[in-house]
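One file, coords_29.pdb, carrying PDB, C-alpha atoms:
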ATOM      1  CA  MET A  12      84.364  57.145  77.232  1.00  0.00           C
ATOM      2  CA  GLU A  13      86.391  60.133  78.287  1.00  0.00           C
ATOM      3  CA  ASN A  14      86.715  61.523  81.791  1.00  0.00           C
ATOM      4  CA  LEU A  15      84.791  64.728  82.249  1.00  0.00           C
ATOM      5  CA  SER A  16      85.450  67.052  85.161  1.00  0.00           C
ATOM      6  CA  PHE A  17      82.512  69.325  85.795  1.00  0.00           C
ATOM      7  CA  ARG A  18      80.317  70.984  88.326  1.00  0.00           C
ATOM      8  CA  PRO A  19      76.811  69.657  87.644  1.00  0.00           C
ATOM      9  CA  ASP A  20      74.353  72.125  86.120  1.00  0.00           C
ATOM     10  CA  ASP A  21      70.688  72.436  87.137  1.00  0.00           C
ATOM     11  CA  ASN A  22      69.505  70.058  84.414  1.00  0.00           C
ATOM     12  CA  ASP A  23      72.067  67.400  85.357  1.00  0.00           C
ATOM     13  CA  VAL A  24      71.189  67.718  89.048  1.00  0.00           C
ATOM     14  CA  GLU A  25      67.473  67.392  88.300  1.00  0.00           C
ATOM     15  CA  ASN A  26      68.035  64.286  86.148  1.00  0.00           C
ATOM     16  CA  THR A  27      70.356  62.747  88.743  1.00  0.00           C
ATOM     17  CA  VAL A  28      67.845  63.343  91.547  1.00  0.00           C
ATOM     18  CA  LYS A  29      64.998  61.837  89.480  1.00  0.00           C
ATOM     19  CA  THR A  30      67.098  58.843  88.469  1.00  0.00           C
ATOM     20  CA  TYR A  31      68.734  57.930  91.778  1.00  0.00           C
ATOM     21  CA  SER A  32      66.729  59.388  94.673  1.00  0.00           C
ATOM     22  CA  ASN A  33      64.438  56.364  95.135  1.00  0.00           C
ATOM     23  CA  MET A  34      67.306  53.868  95.040  1.00  0.00           C
ATOM     24  CA  LEU A  35      69.393  55.967  97.445  1.00  0.00           C
ATOM     25  CA  PHE A  36      66.441  56.426  99.791  1.00  0.00           C
ATOM     26  CA  LYS A  37      65.864  52.656  99.994  1.00  0.00           C
ATOM     27  CA  LEU A  38      69.558  52.073 100.709  1.00  0.00           C
ATOM     28  CA  CYS A  39      69.656  54.787 103.380  1.00  0.00           C
ATOM     29  CA  PHE A  40      66.414  53.541 104.922  1.00  0.00           C
ATOM     30  CA  THR A  41      67.869  50.040 105.117  1.00  0.00           C
ATOM     31  CA  LEU A  42      70.935  51.376 106.917  1.00  0.00           C
ATOM     32  CA  LEU A  43      69.351  54.039 109.142  1.00  0.00           C
ATOM     33  CA  ARG A  44      66.027  52.323 109.858  1.00  0.00           C
ATOM     34  CA  ASN A  45      63.672  55.305 109.571  1.00  0.00           C
ATOM     35  CA  ASN A  46      62.254  57.663 106.974  1.00  0.00           C
ATOM     36  CA  ALA A  47      63.434  60.951 108.455  1.00  0.00           C
ATOM     37  CA  ASP A  48      67.082  59.936 108.769  1.00  0.00           C
ATOM     38  CA  ALA A  49      67.010  58.338 105.305  1.00  0.00           C
ATOM     39  CA  GLU A  50      65.552  61.493 103.753  1.00  0.00           C
ATOM     40  CA  ASP A  51      68.212  63.609 105.472  1.00  0.00           C
ATOM     41  CA  ALA A  52      70.963  61.309 104.229  1.00  0.00           C
ATOM     42  CA  VAL A  53      69.702  61.416 100.634  1.00  0.00           C
ATOM     43  CA  SER A  54      69.543  65.211 100.813  1.00  0.00           C
ATOM     44  CA  ASP A  55      73.127  65.252 102.067  1.00  0.00           C
ATOM     45  CA  VAL A  56      74.205  63.010  99.176  1.00  0.00           C
ATOM     46  CA  PHE A  57      72.753  65.393  96.610  1.00  0.00           C
ATOM     47  CA  LEU A  58      74.202  68.436  98.395  1.00  0.00           C
ATOM     48  CA  LYS A  59      77.605  66.802  98.213  1.00  0.00           C
ATOM     49  CA  TYR A  60      77.006  65.991  94.524  1.00  0.00           C
ATOM     50  CA  ILE A  61      76.080  69.612  93.778  1.00  0.00           C
ATOM     51  CA  SER A  62      78.954  71.137  95.715  1.00  0.00           C
ATOM     52  CA  THR A  63      81.778  68.877  94.569  1.00  0.00           C
ATOM     53  CA  SER A  64      83.679  68.901  91.293  1.00  0.00           C
ATOM     54  CA  ILE A  65      83.495  65.306  90.157  1.00  0.00           C
ATOM     55  CA  SER A  66      84.997  63.356  87.304  1.00  0.00           C
ATOM     56  CA  PHE A  67      82.958  60.378  86.068  1.00  0.00           C
ATOM     57  CA  THR A  68      83.859  57.904  83.372  1.00  0.00           C
ATOM     58  CA  ASP A  69      80.222  56.927  82.752  1.00  0.00           C
ATOM     59  CA  GLU A  70      76.751  56.792  84.318  1.00  0.00           C
ATOM     60  CA  GLU A  71      77.564  53.603  86.266  1.00  0.00           C
ATOM     61  CA  HIS A  72      80.572  55.348  87.812  1.00  0.00           C
ATOM     62  CA  LYS A  73      78.295  58.212  88.917  1.00  0.00           C
ATOM     63  CA  LYS A  74      75.823  55.730  90.447  1.00  0.00           C
ATOM     64  CA  ALA A  75      78.600  53.925  92.323  1.00  0.00           C
ATOM     65  CA  TRP A  76      79.897  57.268  93.623  1.00  0.00           C
ATOM     66  CA  LEU A  77      76.423  58.248  94.865  1.00  0.00           C
ATOM     67  CA  ILE A  78      76.020  54.870  96.627  1.00  0.00           C
ATOM     68  CA  ARG A  79      79.445  55.210  98.243  1.00  0.00           C
ATOM     69  CA  VAL A  80      78.674  58.723  99.470  1.00  0.00           C
ATOM     70  CA  ALA A  81      75.288  57.548 100.790  1.00  0.00           C
ATOM     71  CA  THR A  82      76.812  54.652 102.734  1.00  0.00           C
ATOM     72  CA  ASN A  83      79.473  56.961 104.197  1.00  0.00           C
ATOM     73  CA  ILE A  84      76.855  59.501 105.265  1.00  0.00           C
ATOM     74  CA  CYS A  85      74.806  56.717 106.855  1.00  0.00           C
ATOM     75  CA  LYS A  86      77.874  55.372 108.678  1.00  0.00           C
ATOM     76  CA  ASN A  87      78.631  58.856 109.982  1.00  0.00           C
ATOM     77  CA  THR A  88      75.024  59.302 111.098  1.00  0.00           C
ATOM     78  CA  ILE A  89      75.161  56.007 112.974  1.00  0.00           C
ATOM     79  CA  LYS A  90      78.554  56.848 114.466  1.00  0.00           C
ATOM     80  CA  PHE A  91      77.615  60.305 115.790  1.00  0.00           C
ATOM     81  CA  ARG A  92      74.051  59.671 116.858  1.00  0.00           C
ATOM     82  CA  LYS A  93      72.736  56.955 119.065  1.00  0.00           C
ATOM     83  CA  VAL A  94      70.715  54.672 116.796  1.00  0.00           C
ATOM     84  CA  ARG A  95      67.167  54.086 117.947  1.00  0.00           C
ATOM     85  CA  ASN A  96      66.516  50.566 119.169  1.00  0.00           C
ATOM     86  CA  HIS A  97      63.066  50.416 117.632  1.00  0.00           C
ATOM     87  CA  ILE A  98      61.974  50.325 114.023  1.00  0.00           C
ATOM     88  CA  ASN A  99      58.779  51.976 112.927  1.00  0.00           C
ATOM     89  CA  LEU A 100      56.966  49.043 111.291  1.00  0.00           C
ATOM     90  CA  ASP A 101      54.606  51.433 109.508  1.00  0.00           C
ATOM     91  CA  ASP A 102      57.633  52.790 107.634  1.00  0.00           C
ATOM     92  CA  ALA A 103      58.817  49.258 106.839  1.00  0.00           C
ATOM     93  CA  ALA A 104      55.354  48.101 105.752  1.00  0.00           C
ATOM     94  CA  GLU A 105      55.351  50.785 103.077  1.00  0.00           C
ATOM     95  CA  TYR A 106      58.082  48.883 101.197  1.00  0.00           C
ATOM     96  CA  CYS A 107      56.708  45.363 101.590  1.00  0.00           C
ATOM     97  CA  LYS A 108      54.127  43.498  99.513  1.00  0.00           C
ATOM     98  CA  SER A 109      52.931  41.035 102.152  1.00  0.00           C
ATOM     99  CA  ASP A 110      52.960  40.433 105.900  1.00  0.00           C
ATOM    100  CA  ASN A 111      55.652  37.789 105.364  1.00  0.00           C
ATOM    101  CA  ASP A 112      57.808  40.428 103.629  1.00  0.00           C
ATOM    102  CA  ILE A 113      57.397  42.746 106.638  1.00  0.00           C
ATOM    103  CA  GLY A 114      58.782  40.024 108.918  1.00  0.00           C
ATOM    104  CA  ILE A 115      61.756  39.417 106.651  1.00  0.00           C
ATOM    105  CA  PHE A 116      62.380  43.140 106.241  1.00  0.00           C
ATOM    106  CA  THR A 117      62.206  43.693 110.004  1.00  0.00           C
ATOM    107  CA  GLU A 118      64.799  40.966 110.561  1.00  0.00           C
ATOM    108  CA  LEU A 119      66.977  42.488 107.827  1.00  0.00           C
ATOM    109  CA  LEU A 120      66.860  45.843 109.616  1.00  0.00           C
ATOM    110  CA  ASN A 121      68.068  44.159 112.803  1.00  0.00           C
ATOM    111  CA  LEU A 122      71.279  42.948 111.135  1.00  0.00           C
ATOM    112  CA  PRO A 123      74.512  44.901 111.635  1.00  0.00           C
ATOM    113  CA  ALA A 124      74.981  47.654 109.030  1.00  0.00           C
ATOM    114  CA  LYS A 125      77.764  45.906 107.092  1.00  0.00           C
ATOM    115  CA  TYR A 126      75.493  42.911 106.421  1.00  0.00           C
ATOM    116  CA  ARG A 127      72.399  45.033 105.672  1.00  0.00           C
ATOM    117  CA  THR A 128      74.374  47.027 103.110  1.00  0.00           C
ATOM    118  CA  VAL A 129      75.672  44.077 101.079  1.00  0.00           C
ATOM    119  CA  ILE A 130      72.336  42.238 101.229  1.00  0.00           C
ATOM    120  CA  HIS A 131      70.506  45.349 100.016  1.00  0.00           C
ATOM    121  CA  LEU A 132      72.959  46.039  97.192  1.00  0.00           C
ATOM    122  CA  TYR A 133      73.019  42.383  96.108  1.00  0.00           C
ATOM    123  CA  TYR A 134      69.355  41.403  96.348  1.00  0.00           C
ATOM    124  CA  VAL A 135      67.497  44.689  95.941  1.00  0.00           C
ATOM    125  CA  GLU A 136      69.777  46.681  93.637  1.00  0.00           C
ATOM    126  CA  GLY A 137      71.104  43.639  91.732  1.00  0.00           C
ATOM    127  CA  TYR A 138      74.815  44.368  91.983  1.00  0.00           C
ATOM    128  CA  LYS A 139      77.378  41.585  91.579  1.00  0.00           C
ATOM    129  CA  THR A 140      79.726  40.880  94.468  1.00  0.00           C
ATOM    130  CA  SER A 141      82.685  42.376  92.577  1.00  0.00           C
ATOM    131  CA  GLU A 142      80.721  45.595  91.968  1.00  0.00           C
ATOM    132  CA  ILE A 143      79.723  45.806  95.639  1.00  0.00           C
ATOM    133  CA  ALA A 144      83.367  45.296  96.587  1.00  0.00           C
ATOM    134  CA  ASP A 145      84.358  48.273  94.423  1.00  0.00           C
ATOM    135  CA  ILE A 146      81.571  50.452  95.825  1.00  0.00           C
ATOM    136  CA  LEU A 147      82.365  49.629  99.464  1.00  0.00           C
ATOM    137  CA  SER A 148      86.152  49.483  98.998  1.00  0.00           C
ATOM    138  CA  VAL A 149      86.437  45.937 100.340  1.00  0.00           C
ATOM    139  CA  SER A 150      87.521  42.691  98.715  1.00  0.00           C
ATOM    140  CA  PRO A 151      85.046  40.522  96.780  1.00  0.00           C
ATOM    141  CA  ALA A 152      85.751  37.757  99.324  1.00  0.00           C
ATOM    142  CA  ALA A 153      84.674  40.099 102.131  1.00  0.00           C
ATOM    143  CA  VAL A 154      81.432  40.844 100.287  1.00  0.00           C
ATOM    144  CA  ARG A 155      80.732  37.130  99.796  1.00  0.00           C
ATOM    145  CA  LYS A 156      81.437  36.445 103.485  1.00  0.00           C
ATOM    146  CA  ARG A 157      79.165  39.297 104.562  1.00  0.00           C
ATOM    147  CA  LEU A 158      76.416  37.946 102.315  1.00  0.00           C
ATOM    148  CA  GLN A 159      76.890  34.479 103.795  1.00  0.00           C
ATOM    149  CA  TYR A 160      76.892  35.710 107.406  1.00  0.00           C
ATOM    150  CA  GLY A 161      73.933  37.992 106.764  1.00  0.00           C
ATOM    151  CA  ARG A 162      71.912  35.157 105.206  1.00  0.00           C
ATOM    152  CA  ASP A 163      72.867  32.863 108.081  1.00  0.00           C
ATOM    153  CA  MET A 164      71.756  35.453 110.640  1.00  0.00           C
ATOM    154  CA  LEU A 165      68.444  35.883 108.826  1.00  0.00           C
ATOM    155  CA  LYS A 166      67.894  32.121 108.787  1.00  0.00           C
ATOM    156  CA  ILE A 167      68.587  31.886 112.512  1.00  0.00           C
ATOM    157  CA  GLU A 168      66.382  34.870 113.374  1.00  0.00           C
ATOM    158  CA  TYR A 169      63.574  33.999 110.998  1.00  0.00           C
ATOM    159  CA  GLY A 170      63.764  30.253 111.596  1.00  0.00           C
ATOM    160  CA  LYS A 171      63.894  29.044 107.990  1.00  0.00           C
ATOM    161  CA  ASP A 172      65.221  29.798 104.529  1.00  0.00           C
ATOM    162  CA  VAL A 173      63.833  33.185 103.587  1.00  0.00           C
ATOM    163  CA  LEU A 174      63.969  34.715 100.144  1.00  0.00           C
ATOM    164  CA  LEU A 175      67.707  34.425 100.225  1.00  0.00           C
TER     165      LEU A 175
END

Using structure tokens, write down the structure from this file.
Amino acid sequence: MENLSFRPDDNDVENTVKTYSNMLFKLCFTLLRNNADAEDAVSDVFLKYISTSISFTDEEHKKAWLIRVATNICKNTIKFRKVRNHINLDDAAEYCKSDNDIGIFTELLNLPAKYRTVIHLYYVEGYKTSEIADILSVSPAAVRKRLQYGRDMLKIEYGKDVLL
């Protein structure tokens, strides 16, 4: 496919928001730990998308760009604002099917951001380690190590093999 440089039109923006807003919200929620901050981050992602001239090779490239922007916005939010030490379990329960899932999800939210991000992208979004490496601008080995450390931390915190 050819590279297209464009400023997105209203129809493209609407389709992009419909297609990616839920996925981006879940990623931002995983990183920021609450609905309000996640909603703000997703809004910022789409504002950046609307206001920037972007060149995409295909739809997957656009998705990777949106994820990268979302993770950067979340990192900046964490960096410039003191992160709350508590997690609203009502917010977390909304995304879980069972009480056991709530426990796992709560432990996931307690992991450092770099481990939460790779675990979310790998297990929830279904990306391969090489794709995550491209999105996060790290090596595939770093992604695999972060997955390993994140799983190990979950096992220690949760006390047994969980989902992962």

Report task. For each of A:Val53, A:Ala124, A:Val24, A:Ile61, take the minimum atom-to-atom distance to Val80 in chain A, counting only C-alpha atoms, then give the residue where this is smallest. Result ->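 The closest residue to Val80 in chain A is A:Val53.
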
Requested in this report: Could you tell me which residues the PyMOL selection byres ((chain A and resi 135) around 12) returns for this structure, as a list in words?
Outcome: Met34, Leu35, Lys37, Leu38, Thr41, Tyr106, Phe116, Arg127, Thr128, Val129, Ile130, His131, Leu132, Tyr133, Tyr134, Glu136, Gly137, Tyr138, Lys139, Leu174 and Leu175 of chain A

Query raised in the report: Using all atoms listed in the file, which of A:Leu165, A:Ile89, A:Leu119, A:Ala75 sits nearest Glu142 in chain A?
Result: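 Of all the options, A:Ala75 lies closest to Glu142 in chain A.
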
Requested in this report: Compare A:Trp76, A:Phe40, A:Phe57, A:Tyr126 by their minimum atom-to-atom distance to Thr27 in chain A, counting all atoms listed in the file, and give me the closest one.
Outcome: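 Comparing A:Trp76, A:Phe40, A:Phe57, A:Tyr126 against Thr27 in chain A, the winner is A:Phe57.
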
Report task. One decimal, Å: what's the distance from CA of Asn121 in chain A over to CA of Leu43 in chain A, could you say? Result ->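 Straight-line distance from CA of Asn121 in chain A to CA of Leu43 in chain A works out to 10.6 Å.
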
**Report entry** Point-to-point distance from CA of Lys73 in chain A to CA of Ala52 in chain A, Å rounded to tenths
**Finding:**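 We find that CA of Lys73 in chain A and CA of Ala52 in chain A lie 17.3 Å from each other.
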
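The residue that comes closest to Ala153 in chain A, out of A:Ala47, A:Pro123, A:Val56, A:Ser141 and on the basis of only C-alpha atoms, is A:Ser141.
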
**Report entry** Counting all atoms listed in the file, the residue of A:Leu120, A:Asp145, A:Glu71, A:Ser64 that sits nearest Gly161 in chain A
**Finding:**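 That would be A:Leu120, the residue with the smallest distance to Gly161 in chain A.
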
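Interatomic distance, CA of Val28 in chain A against CA of Cys85 in chain A: 18.1 Å.
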
Where's the centre, and what are the edge lengths in Å to one decimal, of a box along x, y and z enclosing all listed atoms of range 144-161 of chain A padded 3 Å per side, as lines of an AutoDock Vina configuration file?
center_x = 80.7
center_y = 42.5
center_z = 100.9
size_x = 19.6
size_y = 22.0
size_z = 19.0

Query - Selected residue of minimal separation from Ile78 in chain A among A:Leu147, A:Leu42, A:Ile115, A:Leu158, counting only C-alpha atoms - result: A:Leu147
